[in-house]
Amino acid sequence: MSKKTLIVVGNGMVGHHFLEQFTASPAAADYQILVFGEEPLVAYDRVHLSEYFAQATHADLALGTLEWYAEQGIDLHLDEQVTSIDRDSRKVITPKGSYRYDQLVLATGSYPFVPPIPGNDQEHCLVYRTLADLDQIRASANGGKTGVVVGGGLLGLEAANALKSLGVQAHVVEFAPRLMPVQLDADGGALLRSKIESLGVQVHTEKATTEIVAGEEARLRMNFSDGSHLETDLIVFSAGIRPQDTLARNCGLTIGERGGIVVNDQCATSDGAVYAIGECALWDNKIFGLVAPGYTMARTLSAVLNGDSSAAFAGADMSTKLKLLGVDVGSIGDAHGQTPGCRNIRFNDEASGIYRRLVISEDGKAVLGAILVGDNGPYDTLLQYALNGITLPDSPEVLILPESQGGAPALGPDALPDTASICSCHNVTKGDICCAIDAGATDLGAVKSATKASTGCGGCTALLKNVVDCELEKRGMEVSKDLCEHFPYTRQELFHLIKVNGIRTFRSLLRQHGVGHGGCDICKPAVASILASCWNEHILATDHVPLQDTNDTFMANMQKNGTYSIVPRVPGGEITPDKLIVLGEVAKKYDLYTKITGGQRIDLFGATLSELPLIWEELIAAGFETGHAYGKSLRTVKSCVGSTWCRYGVQDSVGMAIFLENRYKGLRSPHKLKMGVSGCTRECAEAQSKDIGVIATDKGWNLYVCGNGGMRPRHADLFATDLSDEELISAIDRVLMFYVRTADRLQRTSVWLENLEGGLDYLKQVVLEDSLGMGAELEQHMADIVGTYQCEWKTAVEDPEKRKRFREFVNAPEQKDPVQQWTQERDQRRPLLETETA
Amino acid sequence: MKPRTQWQAVCTVDDLVPDSGIAVWTEDGPVAIFYLPYHLPALFAISHTDPFSGSNVLARGITGYLKGQPVVASPLYKEHFNLRTGVCLEDENVKVKTYPVLLDGDLIRLEVPVASATKTPNAAVQAA
């Protein structure tokens, strides 16, 4: 039997997905497949288009490769636009020839709608759809200062992001009264607007453009119906999409009133031999402008062509979760609350910029829809409630309240039914994932390649990992938490092995419990930190030297040109004039760039390796100690001036800060530790952004734990109130030592607490109620560490062996590093930049 | 034709640090020498210059073994370099220069090109 011919017109995301599905199915053997794409490039990911400007290339965004098409035996015709279809003779015609088909699939997608504004066809008026469009935008932005996106929907904001990343001042002009009118309500739209404007994108709503003319100060001028105008160097139209149905229209297929190729549940058009899928298809009078429904159509069609009579497209969930210009936006189901009798719950925190709206059924039992702006944290949970009809808890508001205000933690993967959709792009259910695991996929990567879950938009990555981990554990399988290829243990387990067996060197740990004979840059510093937490030996002792990160090895912070910065300890930020003068004199002598740090200390930059011990000799002579700015250890205890001077202070915050800093200095921990002590509730020391925060009350001290600043700031949680000095120290001893013993490598206290089973309440039980009966042991361990403190630098400068390490070139003491070149800026020395040395 | 070379004495065994690196200055610029006592051979010499930052820091990285190969991790941006071949594990197109090294009594000797007038210190970085 000769093969039938299947022709696919369009090589976009949906067309490609159909081919992936179909070529893997039994019917593929019966067909010769031809594919026509009008673009010169193989199908690529349009969802992540704006990444093309950031750093991605076509290869990064490509969904398939030419090799893949060749392997599947697909005859791929790129850069060859189908110009007409002759349904009578079943042929598609291109400028290069005509091709006969038995079955025809139209996956022609959509085109950007350009509003009929006079002047919209001049140079620098562009659209945002293909990589070629992006190249044009880039060319146009080059030499332009401002750019306008017409359309404040999802794609419009993506386009604004693209303009912003090209360095032009971006404006968004929207006809509706708010941004993303389809997905968001007035409050959500307003919050999104303020967030986007604070990122430097100007938003203009309720603007109807009447004409585009030549500009006076920029290339173009847009005149609006309200008499105002805006000058710009380029315009990107992103005012929605229209189905690309020209071919279908011209060959007489049934077309919807407002466009779109009419299809039935089997994706067949009015001609039984012709199918349509994706954004060009009109099903139940609806166009689906998202990738997930298109993929569902593609899978349906593949099943139909395999003779599956039950295959039917039944509409699709249009929920979306995205990051627009860095702002989380989520919209689920009936976001606008249009279901009769539905109830709304709103949470609006203007201070932290979070808006959440939950739409629930009249009986309060089901989630109908939701809107999220500012933080998509609850999205996965809410979507699972909505899609799977999971019954809501009695007080559904906990689903959208932040955890600190009594909100519920995310729905555990265990609570999901097997039918729960985990990945909507590839329609992967929890049941599919379980099947894949049972069939031998025993880690996340294997599950991903077996099910394709999380390989579409990627929005379900975190959820997928939770489900996979949970299911693996249920099956008694080890979820790999190995430190690295040399130690099949977690940091916590290694800590236990070292402590219980009294192991004092990396070598003996590796010999007894490790694999191989070398270790690596992951396990060596981690083990060095555990050894220091347990035994507190000098980090430059012979056995420990090769384990340390370079900053620990040389007890200073390496900067980009290979020189170091030095931060002496200034406990509590209190420093005498004499000591300040010494810092100034030393900095002057060695020509060190001097800057005040965020932790109330002074950072001296630009010391060479061989200068470090010389500088420290002088600092130690003046009474300074190492500040551990290089270590995973206590950095600084920030304080406000407190009751000694301040008319509002109620306790001596400086005194307490100095005490805490001197107590915990030198403690090696899984990650750096910062503390703060404020003398009153005004919180001038910002203690709530620290790992350990202490705030004075008129009765004593309130203790806050596990906050941090940095990339993902977290407010510390209130742990205990009105503590005496002794109670405070005992609680901090226990919290810190419990953290040191149980946290993962490089895990800050915030993440540690979030991952601690039982969370804050559990930590309170362990520390305040001594539920594990180990309080005394934790305090004794801390007392040992405190009792064995030594200033690492003092010990190092006094030991000729240790000083040998601080030679730039061991055979040439006078040789300067030729890479280190300097210039002056604002009266201080700084490294010459690469661009300045050329 | 192979350029003329010499075996330059650069330091003694006392200068070495087990499981770690030191830097020496040679006719060919800065070179990092690593001593891995549990490995045979135990000595490795590669350019001291980190090709990603251009700074002379590789001797100060952490040594280790990845997939059985001796490596050093750059202390700046943490890329790994194979101590045998100089090839970067994260980007095979990047390679640092390697030098033959031997123990001669108490002396460590490196085989380096005989200095020519045009040599700059950066010539120790070598494109793949």
# chains A, B, ... in the order shown; residues from 1 in each chain; ligands from 1

call {"tool": "closest_atom_pairs", "arguments": {"of": "chain B", "to": "chain A", "cutoff": "10 Å", "atoms": "only C-alpha atoms", "output": "JSON lines"}}
result
{"residue": "B:Ala9", "atom": "CA", "partner": "A:Asn811", "partner_atom": "CA", "distance": 9.3}
{"residue": "B:Val10", "atom": "CA", "partner": "A:Asn811", "partner_atom": "CA", "distance": 6.1}
{"residue": "B:Cys11", "atom": "CA", "partner": "A:Asn811", "partner_atom": "CA", "distance": 6.0}
{"residue": "B:Thr12", "atom": "CA", "partner": "A:Asn811", "partner_atom": "CA", "distance": 9.2}
{"residue": "B:Asp14", "atom": "CA", "partner": "A:Lys804", "partner_atom": "CA", "distance": 9.9}
{"residue": "B:Asp15", "atom": "CA", "partner": "A:Val810", "partner_atom": "CA", "distance": 7.2}
{"residue": "B:Leu16", "atom": "CA", "partner": "A:Val810", "partner_atom": "CA", "distance": 9.4}
{"residue": "B:Val17", "atom": "CA", "partner": "A:Pro546", "partner_atom": "CA", "distance": 7.9}
{"residue": "B:Pro18", "atom": "CA", "partner": "A:Pro546", "partner_atom": "CA", "distance": 7.2}
{"residue": "B:Asp19", "atom": "CA", "partner": "A:Pro546", "partner_atom": "CA", "distance": 5.6}
{"residue": "B:Ser20", "atom": "CA", "partner": "A:Pro546", "partner_atom": "CA", "distance": 5.3}
{"residue": "B:Gly21", "atom": "CA", "partner": "A:Pro546", "partner_atom": "CA", "distance": 8.6}
{"residue": "B:Ile22", "atom": "CA", "partner": "A:Val810", "partner_atom": "CA", "distance": 7.2}
{"residue": "B:Ala23", "atom": "CA", "partner": "A:Phe809", "partner_atom": "CA", "distance": 5.0}
{"residue": "B:Val24", "atom": "CA", "partner": "A:Phe809", "partner_atom": "CA", "distance": 4.4}
{"residue": "B:Trp25", "atom": "CA", "partner": "A:Phe809", "partner_atom": "CA", "distance": 5.8}
{"residue": "B:Thr26", "atom": "CA", "partner": "A:Asn811", "partner_atom": "CA", "distance": 8.8}
{"residue": "B:Gly29", "atom": "CA", "partner": "A:Pro818", "partner_atom": "CA", "distance": 9.4}
{"residue": "B:Pro30", "atom": "CA", "partner": "A:Phe809", "partner_atom": "CA", "distance": 7.8}
{"residue": "B:Val31", "atom": "CA", "partner": "A:Phe809", "partner_atom": "CA", "distance": 8.8}
{"residue": "B:Ala32", "atom": "CA", "partner": "A:Phe809", "partner_atom": "CA", "distance": 9.2}
{"residue": "B:Leu36", "atom": "CA", "partner": "A:Gly518", "partner_atom": "CA", "distance": 8.7}
{"residue": "B:Tyr38", "atom": "CA", "partner": "A:His517", "partner_atom": "CA", "distance": 7.3}
{"residue": "B:His39", "atom": "CA", "partner": "A:His517", "partner_atom": "CA", "distance": 8.6}
{"residue": "B:Thr49", "atom": "CA", "partner": "A:Val819", "partner_atom": "CA", "distance": 9.3}
{"residue": "B:Asp50", "atom": "CA", "partner": "A:Gly562", "partner_atom": "CA", "distance": 9.8}
{"residue": "B:Ser53", "atom": "CA", "partner": "A:Lys560", "partner_atom": "CA", "distance": 7.0}
{"residue": "B:Gly54", "atom": "CA", "partner": "A:Val819", "partner_atom": "CA", "distance": 7.5}
{"residue": "B:Ser55", "atom": "CA", "partner": "A:Asn561", "partner_atom": "CA", "distance": 5.2}
{"residue": "B:Asn56", "atom": "CA", "partner": "A:Gly562", "partner_atom": "CA", "distance": 6.3}
{"residue": "B:Val57", "atom": "CA", "partner": "A:Gly562", "partner_atom": "CA", "distance": 5.9}
{"residue": "B:Leu58", "atom": "CA", "partner": "A:Gly562", "partner_atom": "CA", "distance": 9.6}
{"residue": "B:Ala59", "atom": "CA", "partner": "A:Thr550", "partner_atom": "CA", "distance": 9.7}
{"residue": "B:Arg60", "atom": "CA", "partner": "A:Thr550", "partner_atom": "CA", "distance": 5.9}
{"residue": "B:Gly61", "atom": "CA", "partner": "A:Thr550", "partner_atom": "CA", "distance": 6.2}
{"residue": "B:Ile62", "atom": "CA", "partner": "A:Asp521", "partner_atom": "CA", "distance": 5.6}
{"residue": "B:Thr63", "atom": "CA", "partner": "A:Cys520", "partner_atom": "CA", "distance": 6.4}
{"residue": "B:Gly64", "atom": "CA", "partner": "A:Cys520", "partner_atom": "CA", "distance": 3.9}
{"residue": "B:Tyr65", "atom": "CA", "partner": "A:Gly518", "partner_atom": "CA", "distance": 5.3}
{"residue": "B:Leu66", "atom": "CA", "partner": "A:Cys520", "partner_atom": "CA", "distance": 6.9}
{"residue": "B:Lys67", "atom": "CA", "partner": "A:Glu485", "partner_atom": "CA", "distance": 8.2}
{"residue": "B:Gly68", "atom": "CA", "partner": "A:Gly516", "partner_atom": "CA", "distance": 8.1}
{"residue": "B:Gln69", "atom": "CA", "partner": "A:Gly518", "partner_atom": "CA", "distance": 9.5}
{"residue": "B:Pro70", "atom": "CA", "partner": "A:Gly518", "partner_atom": "CA", "distance": 8.1}
{"residue": "B:Val71", "atom": "CA", "partner": "A:Cys520", "partner_atom": "CA", "distance": 8.2}
{"residue": "B:Val72", "atom": "CA", "partner": "A:Asp521", "partner_atom": "CA", "distance": 8.1}
{"residue": "B:Ala73", "atom": "CA", "partner": "A:Asp521", "partner_atom": "CA", "distance": 6.6}
{"residue": "B:Ser74", "atom": "CA", "partner": "A:Thr550", "partner_atom": "CA", "distance": 9.3}
{"residue": "B:Pro75", "atom": "CA", "partner": "A:Thr550", "partner_atom": "CA", "distance": 6.0}
{"residue": "B:Leu76", "atom": "CA", "partner": "A:Lys560", "partner_atom": "CA", "distance": 6.9}
{"residue": "B:Tyr77", "atom": "CA", "partner": "A:Lys560", "partner_atom": "CA", "distance": 9.4}
{"residue": "B:Lys78", "atom": "CA", "partner": "A:Asp521", "partner_atom": "CA", "distance": 8.6}
{"residue": "B:His80", "atom": "CA", "partner": "A:Asp521", "partner_atom": "CA", "distance": 9.2}
{"residue": "B:Thr120", "atom": "CA", "partner": "A:Pro818", "partner_atom": "CA", "distance": 9.6}
{"residue": "B:Pro121", "atom": "CA", "partner": "A:Pro818", "partner_atom": "CA", "distance": 7.2}
{"residue": "B:Asn122", "atom": "CA", "partner": "A:Val819", "partner_atom": "CA", "distance": 8.3}

call {"tool": "residues_around", "arguments": {"residues": "segment 88-92 of chain B", "least_positions_apart": "3", "cutoff": "9 Å", "atoms": "only C-alpha atoms", "output": "MDAnalysis selection string"}}
result
chainID B and resid 71 79:82 85 95:96 128

call {"tool": "atom_distance", "arguments": {"atom1": "atom CA of Gly775 of chain A", "atom2": "atom CA of Lys674 of chain A"}}
result
22.5 Å

call {"tool": "select_by_dssp", "arguments": {"residues": "segment 528-748 of chain A", "states": "alpha helix (DSSP H)", "output": "PyMOL selection string"}}
result
chain A and resi 528-535+550-553+577-589+611-621+653-664+725-742

call {"tool": "residues_around", "arguments": {"residues": "segment 577-588 of chain A", "least_positions_apart": "6", "cutoff": "8 Å", "atoms": "only C-alpha atoms", "output": "VMD selection string"}}
result
chain A and resid 594 604 615 618 to 619 622

call {"tool": "write_last_selection", "arguments": {"atoms": "all heavy atoms", "output": "PDB file, in the first residue's frame"}}
result
ATOM      1  N   THR A 594      38.433  53.318  50.207  1.00  0.00           N
ATOM      2  CA  THR A 594      37.727  53.181  51.478  1.00  0.00           C
ATOM      3  C   THR A 594      36.250  53.455  51.307  1.00  0.00           C
ATOM      4  O   THR A 594      35.877  54.462  50.714  1.00  0.00           O
ATOM      5  CB  THR A 594      38.317  54.170  52.496  1.00  0.00           C
ATOM      6  OG1 THR A 594      39.715  53.943  52.564  1.00  0.00           O
ATOM      7  CG2 THR A 594      37.713  53.980  53.864  1.00  0.00           C
ATOM      8  N   LEU A 604      38.118  48.225  53.226  1.00  0.00           N
ATOM      9  CA  LEU A 604      39.336  48.770  52.621  1.00  0.00           C
ATOM     10  C   LEU A 604      39.685  47.911  51.419  1.00  0.00           C
ATOM     11  O   LEU A 604      39.986  46.724  51.565  1.00  0.00           O
ATOM     12  CB  LEU A 604      40.484  48.755  53.638  1.00  0.00           C
ATOM     13  CG  LEU A 604      40.150  49.347  55.022  1.00  0.00           C
ATOM     14  CD1 LEU A 604      41.267  49.045  56.020  1.00  0.00           C
ATOM     15  CD2 LEU A 604      39.924  50.839  54.901  1.00  0.00           C
ATOM     16  N   ILE A 615      49.283  44.629  56.492  1.00  0.00           N
ATOM     17  CA  ILE A 615      48.186  45.505  56.915  1.00  0.00           C
ATOM     18  C   ILE A 615      47.595  45.004  58.237  1.00  0.00           C
ATOM     19  O   ILE A 615      47.353  45.774  59.164  1.00  0.00           O
ATOM     20  CB  ILE A 615      47.104  45.554  55.815  1.00  0.00           C
ATOM     21  CG1 ILE A 615      47.642  46.289  54.591  1.00  0.00           C
ATOM     22  CG2 ILE A 615      45.822  46.202  56.337  1.00  0.00           C
ATOM     23  CD1 ILE A 615      46.777  46.190  53.359  1.00  0.00           C
ATOM     24  N   GLU A 618      49.453  45.818  61.423  1.00  0.00           N
ATOM     25  CA  GLU A 618      49.203  47.174  61.931  1.00  0.00           C
ATOM     26  C   GLU A 618      47.831  47.272  62.582  1.00  0.00           C
ATOM     27  O   GLU A 618      47.666  47.921  63.613  1.00  0.00           O
ATOM     28  CB  GLU A 618      49.333  48.192  60.789  1.00  0.00           C
ATOM     29  CG  GLU A 618      50.746  48.210  60.201  1.00  0.00           C
ATOM     30  CD  GLU A 618      50.988  49.403  59.284  1.00  0.00           C
ATOM     31  OE1 GLU A 618      50.344  50.455  59.464  1.00  0.00           O
ATOM     32  OE2 GLU A 618      51.831  49.275  58.375  1.00  0.00           O
ATOM     33  N   LEU A 619      46.822  46.634  61.953  1.00  0.00           N
ATOM     34  CA  LEU A 619      45.466  46.722  62.509  1.00  0.00           C
ATOM     35  C   LEU A 619      45.390  46.022  63.867  1.00  0.00           C
ATOM     36  O   LEU A 619      44.767  46.518  64.814  1.00  0.00           O
ATOM     37  CB  LEU A 619      44.458  46.094  61.540  1.00  0.00           C
ATOM     38  CG  LEU A 619      44.249  46.841  60.215  1.00  0.00           C
ATOM     39  CD1 LEU A 619      43.311  46.043  59.288  1.00  0.00           C
ATOM     40  CD2 LEU A 619      43.688  48.241  60.453  1.00  0.00           C
ATOM     41  N   ALA A 622      46.706  47.930  66.693  1.00  0.00           N
ATOM     42  CA  ALA A 622      45.820  49.003  67.143  1.00  0.00           C
ATOM     43  C   ALA A 622      44.570  48.446  67.815  1.00  0.00           C
ATOM     44  O   ALA A 622      43.669  49.199  68.179  1.00  0.00           O
ATOM     45  CB  ALA A 622      45.423  49.873  65.946  1.00  0.00           C
TER      46      ALA A 622
END

call {"tool": "atom_distance", "arguments": {"atom1": "atom CA of Gln821 of chain A", "atom2": "atom CA of Thr626 of chain A"}}
result
27.3 Å
